[in-house]
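Data from coords_15.csv: CSV, C-alpha atoms
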```
chain,number,residue,atom,x,y,z
A,1,MET,CA,0.0,0.0,0.0
A,2,ARG,CA,1.4,3.4,-1.0
A,3,ALA,CA,1.9,5.7,2.0
A,4,TYR,CA,-0.1,8.9,2.2
A,5,GLU,CA,1.9,12.0,1.1
A,6,MET,CA,0.7,15.1,2.8
A,7,PRO,CA,0.2,18.1,0.5
A,8,VAL,CA,2.1,21.2,1.6
A,9,ALA,CA,0.5,23.7,-0.8
A,10,PRO,CA,-3.1,24.3,-1.9
A,11,PRO,CA,-4.0,22.0,-4.7
A,12,THR,CA,-4.9,23.6,-8.0
A,13,VAL,CA,-6.9,20.6,-9.2
A,14,GLY,CA,-9.0,18.1,-7.2
A,15,TRP,CA,-12.1,17.8,-5.2
A,16,ASP,CA,-14.3,20.2,-3.3
A,17,ILE,CA,-15.3,18.2,-0.2
A,18,HIS,CA,-17.1,20.9,1.8
A,19,CYS,CA,-20.4,21.8,0.2
A,20,HIS,CA,-23.9,22.6,1.4
A,21,THR,CA,-27.2,22.3,-0.3
A,22,ALA,CA,-30.8,23.1,0.3
A,23,PHE,CA,-31.0,20.2,2.7
A,24,SER,CA,-29.3,22.5,5.2
A,25,ASP,CA,-28.4,26.1,4.7
A,26,GLY,CA,-27.4,26.1,1.0
A,27,THR,CA,-29.5,27.6,-1.7
A,28,LYS,CA,-28.9,25.0,-4.5
A,29,THR,CA,-30.1,21.4,-4.8
A,30,PRO,CA,-27.6,18.5,-4.7
A,31,VAL,CA,-28.2,18.0,-8.5
A,32,GLU,CA,-27.3,21.6,-9.1
A,33,LEU,CA,-24.2,21.1,-7.0
A,34,ALA,CA,-23.2,18.2,-9.2
A,35,GLU,CA,-23.9,20.1,-12.4
A,36,GLU,CA,-21.9,23.1,-11.4
A,37,SER,CA,-19.0,21.0,-10.2
A,38,LYS,CA,-18.8,19.2,-13.5
A,39,ALA,CA,-18.9,22.4,-15.4
A,40,LEU,CA,-15.9,23.7,-13.3
A,41,GLY,CA,-13.9,20.6,-14.1
A,42,LEU,CA,-13.7,19.3,-10.5
A,43,HIS,CA,-12.5,15.8,-10.1
A,44,GLY,CA,-15.3,15.0,-7.6
A,45,ILE,CA,-17.4,16.5,-4.8
A,46,SER,CA,-18.8,15.8,-1.4
A,47,ILE,CA,-22.1,16.7,0.1
A,48,THR,CA,-21.7,17.9,3.7
A,49,ASP,CA,-25.0,19.4,4.9
A,50,HIS,CA,-25.4,20.1,8.6
A,51,ASP,CA,-26.3,17.2,10.9
A,52,THR,CA,-28.1,15.2,8.2
A,53,THR,CA,-27.9,12.6,5.5
A,54,ALA,CA,-31.2,13.7,3.9
A,55,GLY,CA,-29.6,15.0,0.7
A,56,TRP,CA,-27.4,12.0,0.0
A,57,HIS,CA,-29.8,10.2,-2.3
A,58,GLU,CA,-30.4,13.3,-4.5
A,59,ALA,CA,-26.6,13.9,-4.5
A,60,GLU,CA,-26.1,10.4,-5.8
A,61,GLU,CA,-28.6,11.0,-8.6
A,62,GLY,CA,-26.9,14.3,-9.5
A,63,ALA,CA,-23.4,12.7,-9.5
A,64,ARG,CA,-24.6,9.8,-11.6
A,65,LYS,CA,-26.3,12.2,-14.0
A,66,VAL,CA,-23.1,14.2,-14.7
A,67,GLY,CA,-20.6,11.3,-14.3
A,68,LEU,CA,-18.8,12.7,-11.3
A,69,PRO,CA,-17.6,10.7,-8.3
A,70,LEU,CA,-19.1,11.6,-4.9
A,71,LEU,CA,-18.0,11.5,-1.2
A,72,ARG,CA,-20.9,11.4,1.2
A,73,GLY,CA,-20.7,13.2,4.5
A,74,SER,CA,-22.1,15.8,7.0
A,75,GLU,CA,-20.9,18.8,8.8
A,76,ILE,CA,-21.5,18.4,12.5
A,77,THR,CA,-21.6,21.3,14.9
A,78,ALA,CA,-19.8,20.6,18.2
A,79,ASP,CA,-18.5,22.3,21.3
A,80,ASP,CA,-15.0,22.1,22.9
A,81,GLU,CA,-14.6,24.0,26.1
A,82,HIS,CA,-16.9,26.8,24.8
A,83,VAL,CA,-15.3,26.9,21.4
A,84,SER,CA,-17.8,26.2,18.6
A,85,VAL,CA,-16.2,23.6,16.3
A,86,HIS,CA,-17.5,22.3,12.9
A,87,MET,CA,-16.4,18.8,12.0
A,88,LEU,CA,-16.8,16.9,8.7
A,89,GLY,CA,-17.8,13.3,9.0
A,90,LEU,CA,-17.2,11.5,5.8
A,91,GLN,CA,-17.9,8.0,4.3
A,92,TYR,CA,-19.5,6.7,7.5
A,93,ASP,CA,-22.4,4.2,7.8
A,94,PRO,CA,-25.6,6.4,7.7
A,95,ASN,CA,-27.6,3.6,9.4
A,96,ASP,CA,-25.4,3.5,12.5
A,97,GLN,CA,-27.8,4.1,15.4
A,98,HIS,CA,-25.4,6.2,17.5
A,99,ILE,CA,-24.9,8.8,14.7
A,100,MET,CA,-28.5,8.7,13.7
A,101,ASP,CA,-29.5,9.6,17.3
A,102,LEU,CA,-26.8,12.3,17.5
A,103,PHE,CA,-28.2,14.0,14.4
A,104,ALA,CA,-31.8,13.6,15.5
A,105,ASN,CA,-31.1,15.2,18.9
A,106,THR,CA,-29.0,18.0,17.4
A,107,ARG,CA,-31.7,18.9,14.8
A,108,ALA,CA,-34.4,18.9,17.5
A,109,ALA,CA,-32.3,21.2,19.7
A,110,ARG,CA,-31.6,23.5,16.6
A,111,LEU,CA,-35.3,23.7,15.9
A,112,LYS,CA,-36.1,24.7,19.5
A,113,ARG,CA,-33.3,27.3,19.5
A,114,THR,CA,-34.3,28.7,16.2
A,115,LYS,CA,-37.9,29.2,17.2
A,116,HIS,CA,-36.8,30.9,20.4
A,117,MET,CA,-34.6,33.3,18.4
A,118,VAL,CA,-37.4,34.1,16.1
A,119,GLU,CA,-39.7,34.9,19.1
A,120,LEU,CA,-37.1,37.4,20.3
A,121,LEU,CA,-36.5,38.9,16.9
A,122,SER,CA,-40.2,39.3,16.2
A,123,GLU,CA,-40.5,41.9,18.9
A,124,ASP,CA,-38.3,44.2,16.9
A,125,PHE,CA,-38.5,43.0,13.3
A,126,PRO,CA,-41.2,42.0,10.8
A,127,ILE,CA,-40.5,38.2,11.1
A,128,THR,CA,-42.6,35.2,12.0
A,129,TRP,CA,-41.9,31.5,12.3
A,130,GLU,CA,-44.0,31.0,9.1
A,131,SER,CA,-41.7,33.4,7.2
A,132,VAL,CA,-38.7,31.4,8.4
A,133,LEU,CA,-40.3,28.1,7.4
A,134,ALA,CA,-40.9,29.6,3.9
A,135,GLN,CA,-37.1,29.8,3.4
A,136,MET,CA,-36.6,26.0,3.9
A,137,ARG,CA,-36.6,24.6,0.3
A,138,GLU,CA,-36.7,20.9,1.4
A,139,SER,CA,-39.4,21.5,4.1
A,140,GLY,CA,-39.1,19.0,7.0
A,141,ASN,CA,-35.9,17.4,5.5
A,142,THR,CA,-34.0,20.7,5.9
A,143,THR,CA,-31.8,21.2,8.9
A,144,VAL,CA,-33.1,24.6,10.2
A,145,GLY,CA,-30.8,27.3,11.6
A,146,ARG,CA,-29.7,30.9,11.6
A,147,PRO,CA,-29.3,31.1,7.8
A,148,HIS,CA,-33.1,30.6,7.4
A,149,ILE,CA,-33.7,33.4,9.9
A,150,ALA,CA,-31.3,35.6,7.9
A,151,ASP,CA,-33.1,34.7,4.6
A,152,ALA,CA,-36.5,35.6,6.2
A,153,LEU,CA,-35.0,39.0,7.3
A,154,VAL,CA,-33.8,39.6,3.8
A,155,ALA,CA,-37.2,38.7,2.3
A,156,ALA,CA,-38.8,41.2,4.7
A,157,GLY,CA,-36.4,43.9,3.5
A,158,VAL,CA,-34.6,44.3,6.8
A,159,TYR,CA,-31.2,43.4,5.2
A,160,GLU,CA,-30.0,43.2,1.6
A,161,THR,CA,-28.1,39.9,1.9
A,162,ARG,CA,-27.7,36.9,4.3
A,163,SER,CA,-24.2,38.1,5.1
A,164,ASP,CA,-25.6,41.5,6.2
A,165,ALA,CA,-28.0,39.7,8.6
A,166,PHE,CA,-25.2,37.6,10.0
A,167,ALA,CA,-23.3,40.8,10.7
A,168,GLY,CA,-26.3,42.4,12.3
A,169,ALA,CA,-29.3,41.0,14.2
A,170,ILE,CA,-28.3,37.4,14.2
A,171,SER,CA,-24.6,37.7,14.8
A,172,ALA,CA,-23.1,35.8,17.7
A,173,THR,CA,-22.8,39.1,19.6
A,174,SER,CA,-26.4,40.2,19.1
A,175,LYS,CA,-28.8,40.3,22.0
A,176,TYR,CA,-31.1,37.9,20.0
A,177,TYR,CA,-28.4,35.2,19.7
A,178,ILE,CA,-28.8,31.9,21.4
A,179,PRO,CA,-25.9,29.4,21.2
A,180,THR,CA,-26.5,26.2,19.2
A,181,PRO,CA,-27.0,23.2,21.6
A,182,SER,CA,-24.2,20.8,20.4
A,183,PRO,CA,-22.5,17.6,21.3
A,184,THR,CA,-18.9,17.8,22.4
A,185,THR,CA,-16.1,17.3,19.9
A,186,HIS,CA,-15.2,14.1,21.7
A,187,GLU,CA,-18.7,12.8,21.3
A,188,VAL,CA,-18.6,13.6,17.5
A,189,VAL,CA,-15.3,11.8,17.1
A,190,ARG,CA,-16.6,8.7,18.9
A,191,ALA,CA,-19.8,8.8,16.8
A,192,VAL,CA,-18.2,9.1,13.4
A,193,LYS,CA,-15.4,6.6,14.2
A,194,GLY,CA,-18.1,4.3,15.7
A,195,ALA,CA,-19.9,4.5,12.3
A,196,HIS,CA,-16.6,3.6,10.6
A,197,GLY,CA,-16.2,7.0,9.0
A,198,VAL,CA,-13.5,9.7,8.7
A,199,VAL,CA,-13.6,12.8,10.8
A,200,ILE,CA,-11.9,16.2,10.0
A,201,ILE,CA,-12.1,19.5,11.8
A,202,ALA,CA,-13.3,22.2,9.5
A,203,HIS,CA,-11.8,25.7,9.3
A,204,ALA,CA,-10.0,25.4,12.7
A,205,GLY,CA,-7.9,28.5,12.0
A,206,ASP,CA,-10.8,30.9,11.3
A,207,PRO,CA,-10.6,33.7,13.9
A,208,SER,CA,-14.0,35.2,12.8
A,209,ARG,CA,-16.0,32.3,14.3
A,210,ASN,CA,-14.9,32.3,17.9
A,211,SER,CA,-13.2,34.7,20.4
A,212,ARG,CA,-10.5,32.1,20.7
A,213,LEU,CA,-9.4,29.2,18.5
A,214,LEU,CA,-8.9,25.5,19.4
A,215,SER,CA,-5.6,25.2,21.1
A,216,ASP,CA,-2.9,22.7,20.0
A,217,SER,CA,-3.6,20.7,23.1
A,218,GLN,CA,-7.4,20.5,22.4
A,219,ILE,CA,-6.6,19.3,18.8
A,220,GLU,CA,-4.1,16.8,20.2
A,221,ALA,CA,-6.7,15.3,22.6
A,222,LEU,CA,-9.0,14.6,19.6
A,223,ILE,CA,-6.1,13.1,17.6
A,224,ASP,CA,-5.6,10.7,20.5
A,225,GLU,CA,-9.3,9.7,20.2
A,226,GLY,CA,-9.2,9.1,16.4
A,227,LEU,CA,-9.3,12.5,14.6
A,228,ASP,CA,-8.2,11.9,11.0
A,229,GLY,CA,-7.4,15.3,9.7
A,230,LEU,CA,-7.7,19.1,9.5
A,231,GLU,CA,-9.2,21.3,6.8
A,232,VAL,CA,-6.3,23.6,6.1
A,233,TRP,CA,-7.3,25.1,2.7
A,234,HIS,CA,-10.3,27.2,3.7
A,235,ARG,CA,-10.9,30.9,3.1
A,236,GLY,CA,-11.4,31.6,6.8
A,237,ASN,CA,-8.0,30.2,7.9
A,238,THR,CA,-5.4,33.0,8.1
A,239,PRO,CA,-1.9,32.4,6.5
A,240,GLU,CA,-0.5,32.0,10.0
A,241,GLN,CA,-3.1,29.5,11.0
A,242,ARG,CA,-2.7,27.5,7.8
A,243,GLU,CA,1.0,27.2,8.7
A,244,ARG,CA,0.2,26.1,12.2
A,245,LEU,CA,-2.4,23.5,11.1
A,246,LEU,CA,0.0,22.1,8.5
A,247,GLY,CA,2.6,21.7,11.2
A,248,ILE,CA,0.2,19.8,13.4
A,249,CYS,CA,-0.8,17.6,10.4
A,250,GLU,CA,2.9,16.9,9.6
A,251,HIS,CA,3.8,16.1,13.2
A,252,TYR,CA,0.8,13.7,13.7
A,253,ASP,CA,0.5,12.3,10.2
A,254,LEU,CA,-3.0,13.8,9.7
A,255,LEU,CA,-4.9,14.2,6.5
A,256,VAL,CA,-4.8,17.7,5.0
A,257,THR,CA,-8.0,18.7,3.2
A,258,GLY,CA,-9.5,21.8,1.6
A,259,GLY,CA,-13.0,22.9,0.8
A,260,SER,CA,-15.0,25.9,-0.3
A,261,ASP,CA,-17.7,25.7,2.3
A,262,TRP,CA,-20.0,26.5,-0.6
A,263,HIS,CA,-23.6,27.5,0.1
A,264,GLY,CA,-24.7,28.6,-3.4
A,265,ALA,CA,-26.0,32.1,-3.1
A,266,GLY,CA,-26.0,31.8,0.7
A,267,LYS,CA,-22.3,32.8,1.1
A,268,PRO,CA,-19.7,34.6,-1.1
A,269,ASN,CA,-17.6,31.3,-1.1
A,270,LEU,CA,-17.1,30.1,-4.6
A,271,LEU,CA,-17.5,26.4,-5.5
A,272,GLY,CA,-14.0,24.9,-6.0
A,273,GLU,CA,-12.1,27.9,-4.5
A,274,ASN,CA,-10.3,25.5,-2.1
A,275,LEU,CA,-9.7,21.9,-3.0
A,276,THR,CA,-8.6,18.5,-1.7
A,277,ASP,CA,-6.1,16.5,-3.8
A,278,ASP,CA,-6.8,13.1,-5.3
A,279,ALA,CA,-4.4,11.2,-3.0
A,280,THR,CA,-6.1,12.6,0.1
A,281,VAL,CA,-9.6,11.6,-1.2
A,282,GLU,CA,-8.2,8.2,-2.0
A,283,GLU,CA,-7.1,7.8,1.6
A,284,ILE,CA,-10.5,9.1,2.9
A,285,VAL,CA,-12.2,6.4,0.9
A,286,ARG,CA,-9.8,3.8,2.1
A,287,ARG,CA,-10.4,4.7,5.8
A,288,GLY,CA,-14.2,4.9,5.5
A,289,VAL,CA,-16.8,2.2,5.3
A,290,LEU,CA,-18.6,3.4,2.2
A,291,PRO,CA,-17.2,2.8,-1.3
A,292,LEU,CA,-16.7,5.8,-3.5
A,293,TYR,CA,-20.0,6.6,-5.2
A,294,ARG,CA,-19.5,6.6,-9.0
```
As structure tokens, how would this structure be written, given the file I've shared?
Amino acid sequence: MRAYEMPVAPPTVGWDIHCHTAFSDGTKTPVELAEESKALGLHGISITDHDTTAGWHEAEEGARKVGLPLLRGSEITADDEHVSVHMLGLQYDPNDQHIMDLFANTRAARLKRTKHMVELLSEDFPITWESVLAQMRESGNTTVGRPHIADALVAAGVYETRSDAFAGAISATSKYYIPTPSPTTHEVVRAVKGAHGVVIIAHAGDPSRNSRLLSDSQIEALIDEGLDGLEVWHRGNTPEQRERLLGICEHYDLLVTGGSDWHGAGKPNLLGENLTDDATVEEIVRRGVLPLYR
């Protein structure tokens, strides 16, 4: 077996393995994701909607339609000593009871939290729970959250874009903000590894997401528990943080990944702006329980 060779510079060709669709907070369908990825000449894609596998079947249909290979995964929101952490779970068994329960509990908590935020916001803005539900393109299959509140505020004319809403009334420093109830990072690692998948910390070097970043020791604790890699190539990671994360990956033989964090029109992030190389994808598939979908 050929040893994994860690990339030390952002790939110029490869896969976008961090993409969101209308099954969470993206604005495009999984089929549209596949079509746009094919048009860009990407080698392959991954669907990573928040805390759900609901879009996997449609993503498989889209990938098959355009002839593009597909990784299947989810982005999982977690907490580590009051640091909000996003983790990519890839190529795991979607029928594993532990991870199914984790997702169900998280989505239920998200729903309750989002309703409470809307109640608070409705005292000062023209927004209702019905107007938020209207932003969910896949109805009950959509993982609801702040982006849908933002879209409702845009639809009401309060803000011009979703990004403006995130900088305003629904920012993490706003009086209307309620933290997302989340499992710990340790629970997420156990759940994904228990489902025979691959787990990667997303955008761990993005200072805009938390008042402090995960420390080396926090990351090292997760490595001891089975963490597979770090998303180094992401627009939110500063140059200094990319260097730091690469150093951790090199020291502990971790996978180095990249992704756009694409949300369609929901974020300025461009599909394919950050990539994962073919060798890393090959290693992800080797470690996971699912075969590569072709």
Contact table region 142-223 of chain A vs region 249-263 of chain A, cut-off 9 Å, shortest pair per residue, only C-alpha atoms, as CSV:
```
residue,atom,partner,partner_atom,distance
A:Ile200,CA,A:Leu255,CA,8.1
A:Ala202,CA,A:Gly259,CA,8.7
A:His203,CA,A:Gly258,CA,8.9
A:Glu220,CA,A:Tyr252,CA,8.7
A:Ile223,CA,A:Tyr252,CA,7.9
```
Selection to disk with C-alpha atoms, as a CSV table (one decimal), keeping the file's coordinate frame:
```csv
chain,number,residue,atom,x,y,z
A,200,ILE,CA,-11.9,16.2,10.0
A,202,ALA,CA,-13.3,22.2,9.5
A,203,HIS,CA,-11.8,25.7,9.3
A,220,GLU,CA,-4.1,16.8,20.2
A,223,ILE,CA,-6.1,13.1,17.6
```
Show which residues sit within 9 Å of region 284-294 of chain A, as a compact mmCIF listing (two decimals) with C-alpha atoms, keeping the file's coordinate frame. Count all atoms listed in the file, and ignore same-chain residues fewer than 3 positions away.
```txt
# COMPACT_ATOMS: atom_id res chain seq x y z
CA GLU A 60 -26.10 10.40 -5.80
CA ALA A 63 -23.40 12.70 -9.50
CA ARG A 64 -24.60 9.80 -11.60
CA GLY A 67 -20.60 11.30 -14.30
CA LEU A 68 -18.80 12.70 -11.30
CA PRO A 69 -17.60 10.70 -8.30
CA LEU A 70 -19.10 11.60 -4.90
CA LEU A 71 -18.00 11.50 -1.20
CA ARG A 72 -20.90 11.40 1.20
CA LEU A 90 -17.20 11.50 5.80
CA GLN A 91 -17.90 8.00 4.30
CA TYR A 92 -19.50 6.70 7.50
CA ASP A 93 -22.40 4.20 7.80
CA LYS A 193 -15.40 6.60 14.20
CA ALA A 195 -19.90 4.50 12.30
CA HIS A 196 -16.60 3.60 10.60
CA GLY A 197 -16.20 7.00 9.00
CA VAL A 198 -13.50 9.70 8.70
CA ASP A 228 -8.20 11.90 11.00
CA LEU A 255 -4.90 14.20 6.50
CA ALA A 279 -4.40 11.20 -3.00
CA THR A 280 -6.10 12.60 0.10
CA VAL A 281 -9.60 11.60 -1.20
```
Pull the neighbourhood of (-23.5, 40.8, 1.1) for me: all residues within 12 Å in file coordinates, counting only C-alpha atoms, as number ranges by chain.
A: 150-151, 154, 159-168, 265-269
Tell me, in Å to one decimal, how far CA of Tyr176 (chain A) is from CA of Ser131 (chain A).
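Separation between CA of Tyr176 (chain A) and CA of Ser131 (chain A): 17.2 Å.
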Would you mind listing, for every residue of region 79-146 of chain A within 9 Å of region 36-54 of chain A, the two atoms forming the shortest contact and the distance between them in Å to one decimal, using only C-alpha atoms, sorted by chain and ascending residue number, as CSV?
```
residue,atom,partner,partner_atom,distance
A:Leu88,CA,A:Thr48,CA,7.1
A:Gly89,CA,A:Thr48,CA,8.0
A:Leu90,CA,A:Thr48,CA,8.1
A:Pro94,CA,A:Thr53,CA,7.0
A:Met100,CA,A:Thr52,CA,8.5
A:Leu102,CA,A:Asp51,CA,8.2
A:Phe103,CA,A:Asp51,CA,5.1
A:Ala104,CA,A:Asp51,CA,8.0
A:Thr106,CA,A:Asp51,CA,7.1
A:Arg107,CA,A:Asp51,CA,6.9
A:Asn141,CA,A:Ala54,CA,6.2
A:Thr142,CA,A:Ala54,CA,7.8
A:Thr143,CA,A:His50,CA,6.5
```
May I ask which of the residues A:Val144, A:Ala191, A:Ile248, A:Ile201 is the closest one to Asp216 (chain A), counting all atoms listed in the file?
A:Ile248
For a quick check of understanding, using all atoms listed in the file, which of A:Thr185, A:Asn210, A:Ser24, A:Thr276 has the smallest distance to Gly145 (chain A)?
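When distances to Gly145 (chain A) are compared using all atoms listed in the file, the smallest one comes from A:Ser24.
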When you draw a straight line from CA of Leu246 (chain A) to CA of Val232 (chain A), how long is it in Å?
6.9 Å
For Phe23 (chain A), which residue out of A:Ala152, A:Val192, A:Ala59, A:Ala9 is the nearest one, using only C-alpha atoms?
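Smallest distance to Phe23 (chain A) is found for A:Ala59.
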